[in-house]
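Enquirer: Have a look at this one.
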Amino acid sequence: MRSADTVAVTPDGQTVVIGGLMQNSKTETVTKIPFLGDVPLLGNLFRRTQLSDAKTELIIFLTPHIVAAPTELAALSAKERQNSDASKGLTEKELNKFLDQLPKQKSSPDATQKPGKPAPVLPPKGP
């Protein structure tokens with residue numbers, strides 16, 4: 001099981017990349033002709049060993065939305081589901097394009113918040 005645990009402070013509707021969990025796996029597959037591949041020394045002529053490496057990465061994108069009334073929830077869920085391309089994987093080029101479109105944030109002391117510690121609560125802006 002893989003998991004991510006973090007605290008992020010972000011404005012409503014601002015996408016946050018929580019983290020990337022990477023996994024490497026190596027597989028060895030032996031293909032042989034029954035009985036002939038089991039014969040000592042001579043069996044090497046009737047057997048093939050194939051090695052393969054696989055790398056997977058899980059990136060979590062989180063876009064929080066503050067919903068004032070429960071009646072807005074269904075409409076917002078339908079809109080987000082329509083905008084989501086979760087059923088298809090992103091290529092590296094598409095991912096970079098998405099990340100380039102995100103607004104640039106200034107680095108602040110809050111950005112280095114350690115996991116497990118609650119982030120400070122910011123007062124709402126505006127009148």
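To be explicit about the labels: the chains of the structure tokens are called A, B, and onward in the order shown, and within each one the residues are counted from 1, while ligands get numbers from 1 in the order they are shown.
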Env of range 29-36 of chain A: 9 Å cut, atoms = only C-alpha atoms, seq-sep filter 6 positions within chain, self excluded. Answer as a ChimeraX atom specification.
Expert: /A:42-52
Enquirer: Hey, what's within 8 Å of range 23-26 of chain A if we count only C-alpha atoms and toss same-chain stuff fewer than 4 positions away? As a ChimeraX atom specification, please?
Expert: /A:51-57
Enquirer: Keeping all heavy atoms for every residue in the selection just given, could you write it to a file as a compact mmCIF listing (two decimals), in the first residue's frame?
Expert:
# COMPACT_ATOMS: atom_id res chain seq x y z
N LEU A 51 14.46 -10.45 -18.52
CA LEU A 51 14.42 -9.51 -17.40
C LEU A 51 13.69 -8.24 -17.83
O LEU A 51 13.90 -7.77 -18.95
CB LEU A 51 15.83 -9.15 -16.93
CG LEU A 51 16.71 -10.30 -16.47
CD1 LEU A 51 18.13 -9.82 -16.20
CD2 LEU A 51 16.13 -10.92 -15.22
N SER A 52 12.85 -7.70 -16.97
CA SER A 52 12.16 -6.45 -17.30
C SER A 52 12.08 -5.56 -16.07
O SER A 52 11.95 -6.04 -14.94
CB SER A 52 10.77 -6.72 -17.85
OG SER A 52 9.97 -7.37 -16.89
N ASP A 53 12.20 -4.27 -16.29
CA ASP A 53 12.10 -3.26 -15.24
C ASP A 53 10.85 -2.43 -15.51
O ASP A 53 10.56 -2.10 -16.66
CB ASP A 53 13.31 -2.33 -15.23
CG ASP A 53 14.59 -3.03 -14.83
OD1 ASP A 53 14.49 -3.99 -14.05
OD2 ASP A 53 15.66 -2.61 -15.28
N ALA A 54 10.13 -2.07 -14.46
CA ALA A 54 8.96 -1.20 -14.59
C ALA A 54 9.04 -0.11 -13.53
O ALA A 54 9.34 -0.39 -12.37
CB ALA A 54 7.69 -2.00 -14.44
N LYS A 55 8.79 1.10 -13.95
CA LYS A 55 8.76 2.23 -13.02
C LYS A 55 7.38 2.86 -13.11
O LYS A 55 6.88 3.14 -14.18
CB LYS A 55 9.82 3.27 -13.39
CG LYS A 55 11.23 2.79 -13.20
CD LYS A 55 12.23 3.88 -13.50
CE LYS A 55 13.63 3.33 -13.30
NZ LYS A 55 14.63 4.39 -13.47
N THR A 56 6.76 3.05 -11.95
CA THR A 56 5.46 3.72 -11.90
C THR A 56 5.55 4.88 -10.93
O THR A 56 6.29 4.83 -9.95
CB THR A 56 4.34 2.76 -11.46
OG1 THR A 56 4.67 2.22 -10.18
CG2 THR A 56 4.15 1.63 -12.44
N GLU A 57 4.78 5.92 -11.22
CA GLU A 57 4.75 7.08 -10.35
C GLU A 57 3.31 7.51 -10.16
O GLU A 57 2.55 7.60 -11.11
CB GLU A 57 5.56 8.23 -10.95
CG GLU A 57 5.63 9.44 -10.05
CD GLU A 57 6.58 10.50 -10.56
OE1 GLU A 57 7.07 10.39 -11.69
OE2 GLU A 57 6.84 11.44 -9.82
Enquirer: Just the residues within 9 Å of Ile18 in chain A, please, counting only C-alpha atoms, with nothing from its chain fewer than 3 positions along; format it as a tab-separated table (two decimals) with N, CA and C atoms, in the first residue's frame.
Expert:
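This went into out-v3.tsv:
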chain	number	residue	atom	x	y	z
A	4	ALA	N	0.15	9.05	1.04
A	4	ALA	CA	0.79	10.35	1.20
A	4	ALA	C	0.09	11.06	2.35
A	5	ASP	N	0.88	11.74	3.17
A	5	ASP	CA	0.34	12.48	4.30
A	5	ASP	C	0.99	13.84	4.31
A	6	THR	N	0.19	14.89	4.15
A	6	THR	CA	0.73	16.24	4.11
A	6	THR	C	-0.33	17.24	4.53
A	7	VAL	N	0.10	18.46	4.78
A	7	VAL	CA	-0.79	19.57	5.09
A	7	VAL	C	-0.49	20.67	4.08
A	8	ALA	N	-1.54	21.22	3.46
A	8	ALA	CA	-1.35	22.29	2.49
A	8	ALA	C	-2.36	23.39	2.75
A	59	ILE	N	1.09	10.58	-8.88
A	59	ILE	CA	1.10	11.99	-8.53
A	59	ILE	C	-0.32	12.37	-8.13
A	60	ILE	N	-0.46	13.02	-6.99
A	60	ILE	CA	-1.78	13.37	-6.47
A	60	ILE	C	-2.01	14.87	-6.68
A	61	PHE	N	-3.04	15.21	-7.47
A	61	PHE	CA	-3.44	16.59	-7.68
A	61	PHE	C	-4.71	16.82	-6.86
A	62	LEU	N	-4.71	17.86	-6.06
A	62	LEU	CA	-5.85	18.16	-5.21
A	62	LEU	C	-6.31	19.59	-5.49
